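Shown next: data-v2.cif, given as mmCIF, C-alpha atoms.
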data_protein
#
loop_
_atom_site.group_PDB
_atom_site.id
_atom_site.type_symbol
_atom_site.label_atom_id
_atom_site.label_comp_id
_atom_site.auth_asym_id
_atom_site.auth_seq_id
_atom_site.Cartn_x
_atom_site.Cartn_y
_atom_site.Cartn_z
ATOM 1 C CA MET K 20 84.534 86.488 98.582
ATOM 2 C CA GLU K 21 82.453 83.315 98.737
ATOM 3 C CA ILE K 22 82.683 81.159 101.873
ATOM 4 C CA LEU K 23 81.789 77.484 101.501
ATOM 5 C CA LYS K 24 81.242 75.429 104.640
ATOM 6 C CA GLU K 25 80.700 72.146 102.829
ATOM 7 C CA LEU K 26 82.883 70.220 100.399
ATOM 8 C CA VAL K 27 80.884 70.949 97.279
ATOM 9 C CA ARG K 28 82.495 70.866 93.846
ATOM 10 C CA SER K 29 83.802 74.189 92.591
ATOM 11 C CA ALA K 30 82.015 75.270 89.433
ATOM 12 C CA GLU K 31 85.275 76.681 88.041
ATOM 13 C CA PRO K 32 88.854 75.326 88.100
ATOM 14 C CA THR K 33 90.825 76.659 91.035
ATOM 15 C CA SER K 34 94.244 77.585 92.337
ATOM 16 C CA VAL K 35 94.179 76.567 96.003
ATOM 17 C CA ALA K 36 96.233 77.520 99.070
ATOM 18 C CA LEU K 37 96.145 74.811 101.753
ATOM 19 C CA GLY K 38 96.605 75.517 105.464
ATOM 20 C CA TYR K 39 95.117 76.492 108.810
ATOM 21 C CA PHE K 40 96.782 79.913 108.479
ATOM 22 C CA ASP K 41 96.509 81.021 112.114
ATOM 23 C CA GLY K 42 97.746 84.599 112.149
ATOM 24 C CA VAL K 43 98.097 84.825 108.358
ATOM 25 C CA HIS K 44 101.755 85.673 109.000
ATOM 26 C CA ARG K 45 104.510 86.321 106.447
ATOM 27 C CA GLY K 46 104.925 82.638 105.616
ATOM 28 C CA HIS K 47 101.180 82.116 105.224
ATOM 29 C CA ARG K 48 100.880 85.158 103.011
ATOM 30 C CA ALA K 49 103.582 83.822 100.689
ATOM 31 C CA VAL K 50 101.518 80.643 100.202
ATOM 32 C CA ILE K 51 98.254 82.497 99.624
ATOM 33 C CA GLU K 52 99.868 85.039 97.309
ATOM 34 C CA GLU K 53 101.281 82.180 95.239
ATOM 35 C CA ALA K 54 97.818 80.678 94.821
ATOM 36 C CA VAL K 55 96.287 84.061 93.973
ATOM 37 C CA ARG K 56 99.013 84.977 91.479
ATOM 38 C CA THR K 57 98.886 81.633 89.688
ATOM 39 C CA GLY K 58 95.106 81.754 89.632
ATOM 40 C CA ARG K 59 94.974 85.172 88.017
ATOM 41 C CA GLU K 60 97.654 84.309 85.477
ATOM 42 C CA ASN K 61 95.844 81.137 84.396
ATOM 43 C CA GLY K 62 92.174 82.007 84.681
ATOM 44 C CA LEU K 63 91.672 79.962 87.863
ATOM 45 C CA VAL K 64 89.611 80.956 90.891
ATOM 46 C CA PRO K 65 91.996 81.975 93.750
ATOM 47 C CA THR K 66 90.869 79.718 96.599
ATOM 48 C CA VAL K 67 91.838 78.902 100.180
ATOM 49 C CA PHE K 68 91.121 75.614 101.914
ATOM 50 C CA THR K 69 91.224 76.045 105.687
ATOM 51 C CA LEU K 70 89.695 74.601 108.840
ATOM 52 C CA LEU K 71 87.100 75.869 111.261
ATOM 53 C CA GLN K 72 89.231 74.725 114.206
ATOM 54 C CA SER K 73 92.826 73.696 114.755
ATOM 55 C CA PRO K 74 93.414 69.923 114.470
ATOM 56 C CA ARG K 75 95.163 70.104 117.848
ATOM 57 C CA ILE K 76 91.872 70.969 119.524
ATOM 58 C CA VAL K 77 90.161 67.903 118.057
ATOM 59 C CA LEU K 78 93.019 65.400 118.211
ATOM 60 C CA ARG K 79 94.831 66.461 121.395
ATOM 61 C CA GLY K 80 92.114 68.213 123.369
ATOM 62 C CA GLU K 81 94.106 71.437 123.496
ATOM 63 C CA LYS K 82 92.386 74.725 124.244
ATOM 64 C CA SER K 83 92.022 77.255 121.465
ATOM 65 C CA ASN K 84 94.854 79.789 121.444
ATOM 66 C CA ASN K 85 94.514 81.415 118.057
ATOM 67 C CA ILE K 86 96.431 84.540 117.127
ATOM 68 C CA ILE K 87 93.524 86.228 115.361
ATOM 69 C CA THR K 88 89.765 85.778 115.243
ATOM 70 C CA LEU K 89 88.110 83.892 112.410
ATOM 71 C CA GLY K 90 86.616 87.134 111.122
ATOM 72 C CA GLU K 91 90.012 88.802 110.912
ATOM 73 C CA LYS K 92 91.451 85.734 109.187
ATOM 74 C CA LEU K 93 88.755 85.834 106.516
ATOM 75 C CA ASP K 94 89.256 89.578 106.067
ATOM 76 C CA ALA K 95 92.975 88.952 105.518
ATOM 77 C CA PHE K 96 92.205 86.337 102.858
ATOM 78 C CA GLU K 97 89.973 88.763 101.011
ATOM 79 C CA GLN K 98 92.560 91.548 101.166
ATOM 80 C CA LEU K 99 95.092 89.176 99.570
ATOM 81 C CA GLY K 100 92.785 88.603 96.615
ATOM 82 C CA VAL K 101 91.165 85.294 97.550
ATOM 83 C CA GLU K 102 87.778 84.829 95.880
ATOM 84 C CA GLN K 103 86.637 81.520 97.392
ATOM 85 C CA VAL K 104 87.214 79.929 100.802
ATOM 86 C CA TYR K 105 86.449 76.381 101.867
ATOM 87 C CA LEU K 106 85.986 76.690 105.647
ATOM 88 C CA ILE K 107 85.568 73.103 106.807
ATOM 89 C CA ASP K 108 84.928 71.503 110.201
ATOM 90 C CA PHE K 109 88.002 69.343 110.820
ATOM 91 C CA THR K 110 85.939 66.603 112.485
ATOM 92 C CA THR K 111 84.313 65.846 109.125
ATOM 93 C CA ILE K 112 87.612 65.060 107.383
ATOM 94 C CA LYS K 113 89.998 63.978 110.144
ATOM 95 C CA ASP K 114 89.837 60.291 109.212
ATOM 96 C CA ILE K 115 90.193 60.645 105.452
ATOM 97 C CA THR K 116 93.344 59.064 104.013
ATOM 98 C CA ALA K 117 95.967 61.094 102.199
ATOM 99 C CA GLU K 118 95.056 59.341 98.945
ATOM 100 C CA SER K 119 91.362 60.109 99.355
ATOM 101 C CA PHE K 120 92.130 63.705 100.285
ATOM 102 C CA VAL K 121 93.770 64.139 96.907
ATOM 103 C CA SER K 122 91.264 62.194 94.791
ATOM 104 C CA GLU K 123 88.038 63.210 96.531
ATOM 105 C CA ILE K 124 88.780 66.714 97.762
ATOM 106 C CA ILE K 125 91.578 68.279 95.718
ATOM 107 C CA VAL K 126 90.486 66.744 92.434
ATOM 108 C CA GLY K 127 86.825 65.950 92.996
ATOM 109 C CA CYS K 128 85.820 68.940 95.101
ATOM 110 C CA PHE K 129 88.237 71.803 94.486
ATOM 111 C CA ASN K 130 88.491 71.124 90.740
ATOM 112 C CA ALA K 131 92.091 72.210 91.319
ATOM 113 C CA ARG K 132 94.695 72.965 88.676
ATOM 114 C CA HIS K 133 97.298 74.388 91.033
ATOM 115 C CA ILE K 134 98.085 73.832 94.715
ATOM 116 C CA ALA K 135 100.197 76.024 97.021
ATOM 117 C CA CYS K 136 101.230 74.965 100.526
ATOM 118 C CA GLY K 137 103.890 75.605 103.128
ATOM 119 C CA PHE K 138 107.178 73.735 103.409
ATOM 120 C CA ASN K 139 105.848 71.763 106.400
ATOM 121 C CA TYR K 140 102.296 71.098 105.231
ATOM 122 C CA HIS K 141 100.798 67.686 106.123
ATOM 123 C CA PHE K 142 97.435 66.182 105.272
ATOM 124 C CA GLY K 143 95.342 63.047 105.587
ATOM 125 C CA ALA K 144 94.603 60.892 108.644
ATOM 126 C CA GLY K 145 97.482 60.997 111.098
ATOM 127 C CA ALA K 146 99.035 63.807 109.023
ATOM 128 C CA ARG K 147 100.754 61.076 107.013
ATOM 129 C CA GLY K 148 100.850 63.035 103.756
ATOM 130 C CA SER K 149 103.645 65.563 103.127
ATOM 131 C CA GLY K 150 104.145 68.283 100.565
ATOM 132 C CA ALA K 151 106.495 66.047 98.564
ATOM 133 C CA GLN K 152 103.926 63.247 98.575
ATOM 134 C CA LEU K 153 101.232 65.677 97.516
ATOM 135 C CA GLU K 154 103.274 66.585 94.464
ATOM 136 C CA GLN K 155 103.732 62.888 93.607
ATOM 137 C CA MET K 156 100.029 62.123 94.064
ATOM 138 C CA CYS K 157 98.974 65.036 91.865
ATOM 139 C CA ASP K 158 101.459 64.135 89.134
ATOM 140 C CA GLY K 159 99.528 62.966 86.104
ATOM 141 C CA SER K 160 96.303 64.693 87.211
ATOM 142 C CA GLY K 161 97.119 67.977 85.525
ATOM 143 C CA ILE K 162 97.642 69.651 88.903
ATOM 144 C CA SER K 163 100.841 71.579 89.646
ATOM 145 C CA VAL K 164 102.034 71.754 93.265
ATOM 146 C CA LEU K 165 104.352 74.336 94.804
ATOM 147 C CA ALA K 166 105.523 74.079 98.421
ATOM 148 C CA ARG K 167 106.792 77.503 99.475
ATOM 149 C CA PRO K 168 110.161 77.515 101.283
ATOM 150 C CA ARG K 169 110.397 78.611 104.893
ATOM 151 C CA ILE K 170 110.685 82.289 105.744
ATOM 152 C CA THR K 171 113.094 83.020 108.577
ATOM 153 C CA LEU K 172 113.596 85.767 111.122
ATOM 154 C CA GLY K 173 116.623 85.772 113.366
ATOM 155 C CA GLY K 174 117.776 82.449 111.947
ATOM 156 C CA SER K 175 114.557 80.551 112.780
ATOM 157 C CA PRO K 176 111.423 79.927 110.699
ATOM 158 C CA VAL K 177 108.543 82.347 111.064
ATOM 159 C CA SER K 178 105.742 80.300 112.630
ATOM 160 C CA SER K 179 102.498 80.676 114.533
ATOM 161 C CA THR K 180 104.176 78.967 117.507
ATOM 162 C CA ARG K 181 106.923 81.600 117.637
ATOM 163 C CA ILE K 182 104.402 84.406 117.260
ATOM 164 C CA ARG K 183 102.288 83.062 120.128
ATOM 165 C CA ALA K 184 105.393 82.832 122.319
ATOM 166 C CA SER K 185 106.258 86.453 121.523
ATOM 167 C CA ILE K 186 102.728 87.606 122.339
ATOM 168 C CA ILE K 187 102.740 85.725 125.653
ATOM 169 C CA ALA K 188 106.100 87.302 126.533
ATOM 170 C CA GLY K 189 104.906 90.789 125.592
ATOM 171 C CA ASP K 190 107.485 91.025 122.798
ATOM 172 C CA ILE K 191 105.090 92.759 120.431
ATOM 173 C CA PRO K 192 107.711 94.203 118.042
ATOM 174 C CA GLN K 193 108.933 90.685 117.276
ATOM 175 C CA ALA K 194 105.380 89.381 116.853
ATOM 176 C CA ASN K 195 104.626 92.288 114.521
ATOM 177 C CA GLU K 196 107.763 91.591 112.499
ATOM 178 C CA MET K 197 106.786 87.953 111.973
ATOM 179 C CA LEU K 198 103.166 88.819 111.209
ATOM 180 C CA GLY K 199 104.157 91.496 108.734
ATOM 181 C CA ARG K 200 101.582 93.831 110.257
ATOM 182 C CA LEU K 201 100.549 95.124 113.685
ATOM 183 C CA TYR K 202 99.064 92.590 116.102
ATOM 184 C CA GLY K 203 95.850 93.549 117.807
ATOM 185 C CA PHE K 204 92.078 93.327 117.833
ATOM 186 C CA CYS K 205 89.005 94.728 116.120
ATOM 187 C CA LEU K 206 86.236 94.229 118.670
ATOM 188 C CA PRO K 207 82.983 95.871 119.792
ATOM 189 C CA VAL K 208 83.196 98.564 122.460
ATOM 190 C CA VAL K 209 81.183 97.637 125.559
ATOM 191 C CA HIS K 210 80.034 99.607 128.574
ATOM 192 C CA GLY K 211 82.382 99.581 131.561
ATOM 193 C CA ARG K 212 82.234 101.011 135.054
ATOM 194 C CA GLN K 213 83.287 104.441 133.697
ATOM 195 C CA LEU K 214 86.002 104.868 136.312
ATOM 196 C CA GLY K 215 88.378 106.264 133.699
ATOM 197 C CA ARG K 216 85.832 108.880 132.693
ATOM 198 C CA SER K 217 85.620 110.131 136.284
ATOM 199 C CA TRP K 218 89.441 110.397 136.339
ATOM 200 C CA GLY K 219 89.647 112.323 133.070
ATOM 201 C CA THR K 220 90.984 109.286 131.170
ATOM 202 C CA PRO K 221 87.921 107.706 129.502
ATOM 203 C CA THR K 222 88.610 104.283 128.015
ATOM 204 C CA LEU K 223 87.291 102.042 125.278
ATOM 205 C CA ASN K 224 86.339 98.738 126.893
ATOM 206 C CA GLN K 225 86.515 95.529 124.859
ATOM 207 C CA ILE K 226 86.090 91.943 126.012
ATOM 208 C CA PHE K 227 89.089 89.764 125.221
ATOM 209 C CA PRO K 228 88.021 86.792 123.031
ATOM 210 C CA SER K 229 88.385 83.500 124.906
ATOM 211 C CA GLU K 230 89.650 81.664 121.800
ATOM 212 C CA LEU K 231 92.736 83.865 121.425
ATOM 213 C CA VAL K 232 96.166 83.485 122.968
ATOM 214 C CA LYS K 233 96.466 85.901 125.909
ATOM 215 C CA PRO K 234 99.194 88.538 125.705
ATOM 216 C CA ARG K 235 101.301 89.349 128.737
ATOM 217 C CA PHE K 236 99.038 91.249 131.102
ATOM 218 C CA GLY K 237 99.944 94.882 131.375
ATOM 219 C CA VAL K 238 100.014 98.206 129.567
ATOM 220 C CA TYR K 239 100.911 98.715 125.906
ATOM 221 C CA ALA K 240 101.387 101.653 123.588
ATOM 222 C CA SER K 241 98.902 101.191 120.778
ATOM 223 C CA LYS K 242 97.510 102.591 117.554
ATOM 224 C CA VAL K 243 93.731 103.034 117.490
ATOM 225 C CA SER K 244 91.730 103.593 114.303
ATOM 226 C CA VAL K 245 88.462 105.544 114.450
ATOM 227 C CA ASP K 246 86.581 106.887 111.414
ATOM 228 C CA GLY K 247 89.621 106.480 109.180
ATOM 229 C CA LYS K 248 91.943 108.350 111.551
ATOM 230 C CA SER K 249 94.677 106.977 113.805
ATOM 231 C CA PHE K 250 95.205 107.906 117.455
ATOM 232 C CA CYS K 251 97.771 107.091 120.105
ATOM 233 C CA GLY K 252 96.408 104.609 122.611
ATOM 234 C CA VAL K 253 97.335 103.397 126.094
ATOM 235 C CA THR K 254 95.974 99.863 126.218
ATOM 236 C CA ASN K 255 95.715 97.773 129.360
ATOM 237 C CA ILE K 256 95.081 94.056 128.961
ATOM 238 C CA GLY K 257 94.327 92.051 132.073
ATOM 239 C CA ILE K 258 92.116 91.771 135.113
ATOM 240 C CA LYS K 259 92.594 95.257 136.660
ATOM 241 C CA PRO K 260 93.996 94.168 140.049
ATOM 242 C CA THR K 261 93.549 97.611 141.656
ATOM 243 C CA VAL K 262 89.830 98.023 140.935
ATOM 244 C CA GLY K 263 88.921 94.465 139.867
ATOM 245 C CA SER K 264 87.164 92.928 136.863
ATOM 246 C CA ASP K 265 85.085 89.852 136.063
ATOM 247 C CA GLY K 266 87.398 88.627 133.302
ATOM 248 C CA VAL K 267 90.145 89.588 130.889
ATOM 249 C CA LEU K 268 89.449 93.046 129.491
ATOM 250 C CA ILE K 269 91.061 95.345 126.949
ATOM 251 C CA GLU K 270 90.898 98.982 128.068
ATOM 252 C CA THR K 271 92.273 101.719 125.846
ATOM 253 C CA TRP K 272 92.642 105.399 126.654
ATOM 254 C CA MET K 273 93.287 107.742 123.723
ATOM 255 C CA PRO K 274 94.856 110.931 125.135
ATOM 256 C CA GLY K 275 94.255 112.889 121.909
ATOM 257 C CA TYR K 276 90.723 111.715 121.122
ATOM 258 C CA CYS K 277 87.762 114.027 121.744
ATOM 259 C CA GLY K 278 85.187 112.480 119.423
ATOM 260 C CA ARG K 279 81.851 110.779 119.737
ATOM 261 C CA GLU K 280 80.888 107.784 121.872
ATOM 262 C CA LEU K 281 81.825 104.441 120.284
ATOM 263 C CA TYR K 282 79.682 101.964 122.232
ATOM 264 C CA GLY K 283 78.620 98.994 120.135
ATOM 265 C CA GLU K 284 81.059 99.773 117.321
ATOM 266 C CA ALA K 285 83.999 97.562 116.354
ATOM 267 C CA VAL K 286 87.165 99.570 116.980
ATOM 268 C CA ASP K 287 90.583 98.482 115.747
ATOM 269 C CA VAL K 288 93.358 98.528 118.367
ATOM 270 C CA ARG K 289 96.894 97.539 117.301
ATOM 271 C CA LEU K 290 99.673 97.026 119.848
ATOM 272 C CA LEU K 291 103.072 98.680 119.354
ATOM 273 C CA GLU K 292 105.192 98.033 122.452
ATOM 274 C CA PHE K 293 104.854 96.750 126.001
ATOM 275 C CA ILE K 294 105.199 99.495 128.631
ATOM 276 C CA ARG K 295 104.796 97.773 131.998
ATOM 277 C CA GLY K 296 103.332 94.735 133.658
ATOM 278 C CA GLU K 297 99.951 94.729 135.367
ATOM 279 C CA ARG K 298 100.216 95.392 139.070
ATOM 280 C CA LYS K 299 98.100 96.447 142.032
ATOM 281 C CA PHE K 300 98.523 100.026 143.216
ATOM 282 C CA PRO K 301 98.118 101.121 146.850
ATOM 283 C CA ASP K 302 95.246 103.441 145.998
ATOM 284 C CA VAL K 303 93.357 104.995 143.101
ATOM 285 C CA ASP K 304 95.428 108.204 143.162
ATOM 286 C CA ALA K 305 98.624 106.223 142.592
ATOM 287 C CA LEU K 306 96.952 104.408 139.709
ATOM 288 C CA LYS K 307 95.824 107.701 138.141
ATOM 289 C CA GLU K 308 99.356 109.120 138.338
ATOM 290 C CA GLU K 309 100.755 106.011 136.673
ATOM 291 C CA ILE K 310 98.166 106.194 133.884
ATOM 292 C CA MET K 311 99.287 109.755 133.073
ATOM 293 C CA ARG K 312 102.944 108.667 132.983
ATOM 294 C CA ASN K 313 102.020 105.747 130.735
ATOM 295 C CA GLY K 314 100.204 108.156 128.428
ATOM 296 C CA GLU K 315 103.276 110.353 128.004
ATOM 297 C CA TYR K 316 105.462 107.333 127.258
ATOM 298 C CA ALA K 317 102.911 105.842 124.848
ATOM 299 C CA GLU K 318 102.781 109.071 122.864
ATOM 300 C CA LYS K 319 106.563 108.943 122.370
ATOM 301 C CA ILE K 320 106.334 105.352 121.134
ATOM 302 C CA TYR K 321 103.391 106.185 118.866
ATOM 303 C CA LYS K 322 105.291 109.119 117.345
ATOM 304 C CA LYS K 323 108.296 106.881 116.716
ATOM 305 C CA TYR K 324 106.151 104.429 114.751
ATOM 306 C CA SER K 325 104.219 107.179 112.965
ATOM 307 C CA ASP K 326 107.458 108.761 111.764
ATOM 308 C CA LYS K 327 108.618 105.522 110.107
#
Serialized structure, structure tokens:
Amino acid sequence: MEILKELVRSAEPTSVALGYFDGVHRGHRAVIEEAVRTGRENGLVPTVFTLLQSPRIVLRGEKSNNIITLGEKLDAFEQLGVEQVYLIDFTTIKDITAESFVSEIIVGCFNARHIACGFNYHFGAGARGSGAQLEQMCDGSGISVLARPRITLGGSPVSSTRIRASIIAGDIPQANEMLGRLYGFCLPVVHGRQLGRSWGTPTLNQIFPSELVKPRFGVYASKVSVDGKSFCGVTNIGIKPTVGSDGVLIETWMPGYCGRELYGEAVDVRLLEFIRGERKFPDVDALKEEIMRNGEYAEKIYKKYSDK
């Protein structure tokens, strides 16, 4: 998959999915799959146009609270069959008019023949352009436009906003349902204080990315992938109030893992269900007892998901 960080003209005609695609959830995938399918059927390069940062960060000064890392987003694009990605700094295009976006970028840069977007897609300075207007502007240019309808769950549209709210609340099953896959992280394992090792519960330590939305602090049942195999995990996300930490950490104990050391390797940890909130224990022995109880409960949850 080719990644273009400048608005250079595509050498081949394209079928383009437009969007920020934070989370690459079910609704996003429907848009991207439409672009990929149409591209393959018509000899067009399946392409995604996305942004390096959310417009809200630039326009409103909001802090980054993405659902997934940029690397995971790009991996998801590639898995869906995308062959070319325009990954553009929003500050370079934020003032372009809707009309110029179509003429200079969609036509002049993407060499587009087909466009796919979401039902609520907006473009151009001030987000003045809508999906309906995009279709009108492309009419006569030989470019077809399809705005995918909303996908709902529980009577409300699937959205990145809803997914973030579920993650913050610790409602991981609902977040997973809207994402269409398990929410989690694939991050390098770093050295910790090795307290878990001395207790007989060695953990994988990963630093929580500052650009991501923070889940509810506490303990989760998880699925951990190592060397192509899956293991039950007990994952704590937070600041370790009993023993302390310098920042938000992800610590995962795998009760059934007896393999090699994984320091420096990117290990995939996917959350299944919230077990309990983070709290301070009166002493280390009480914490150790609770960890063992959490492990037993996590294994039951893991088995339930594995049996599906």
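Against the coordinates shown, the PyMOL selection byres ((chain K and resi 253) around 6) returns K:Tyr239, K:Ala240, K:Ser241, K:Gly252, K:Thr254, K:Thr271, K:Trp272.
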Exercise: segment 98-103 of chain K partners within 9 Å, all atoms listed in the file, chain neighbours under 3 positions left out, as a PDB file with C-alpha atoms, in the coordinates of the input:
ATOM      1  CA  MET K  20      84.534  86.488  98.582  1.00  0.00           C
ATOM      2  CA  GLU K  21      82.453  83.315  98.737  1.00  0.00           C
ATOM      3  CA  ILE K  22      82.683  81.159 101.873  1.00  0.00           C
ATOM      4  CA  LEU K  23      81.789  77.484 101.501  1.00  0.00           C
ATOM      5  CA  ARG K  48     100.880  85.158 103.011  1.00  0.00           C
ATOM      6  CA  ILE K  51      98.254  82.497  99.624  1.00  0.00           C
ATOM      7  CA  GLU K  52      99.868  85.039  97.309  1.00  0.00           C
ATOM      8  CA  ALA K  54      97.818  80.678  94.821  1.00  0.00           C
ATOM      9  CA  VAL K  55      96.287  84.061  93.973  1.00  0.00           C
ATOM     10  CA  ARG K  56      99.013  84.977  91.479  1.00  0.00           C
ATOM     11  CA  VAL K  64      89.611  80.956  90.891  1.00  0.00           C
ATOM     12  CA  PRO K  65      91.996  81.975  93.750  1.00  0.00           C
ATOM     13  CA  THR K  66      90.869  79.718  96.599  1.00  0.00           C
ATOM     14  CA  VAL K  67      91.838  78.902 100.180  1.00  0.00           C
ATOM     15  CA  PHE K  68      91.121  75.614 101.914  1.00  0.00           C
ATOM     16  CA  LEU K  93      88.755  85.834 106.516  1.00  0.00           C
ATOM     17  CA  ASP K  94      89.256  89.578 106.067  1.00  0.00           C
ATOM     18  CA  ALA K  95      92.975  88.952 105.518  1.00  0.00           C
TER      19      ALA K  95
END
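Using all atoms listed in the file, the smallest distance between any of K:Gly189, K:Asn224, K:Leu71, K:His133 and Val208 of chain K comes from K:Asn224.
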> Looking at K:Gly159, K:Gly199, K:Gly275, K:Pro221, which one is nearest to Cys251 of chain K, with distances taken over only C-alpha atoms?
Replying inline: K:Gly275
>> If the PyMOL selection byres ((chain K and resi 78) around 10) were run on this exact file, what residues would it hold? Put them as a VMD selection string.
In response: chain K and resid 73 to 77 79 to 81 109 to 110 113 145
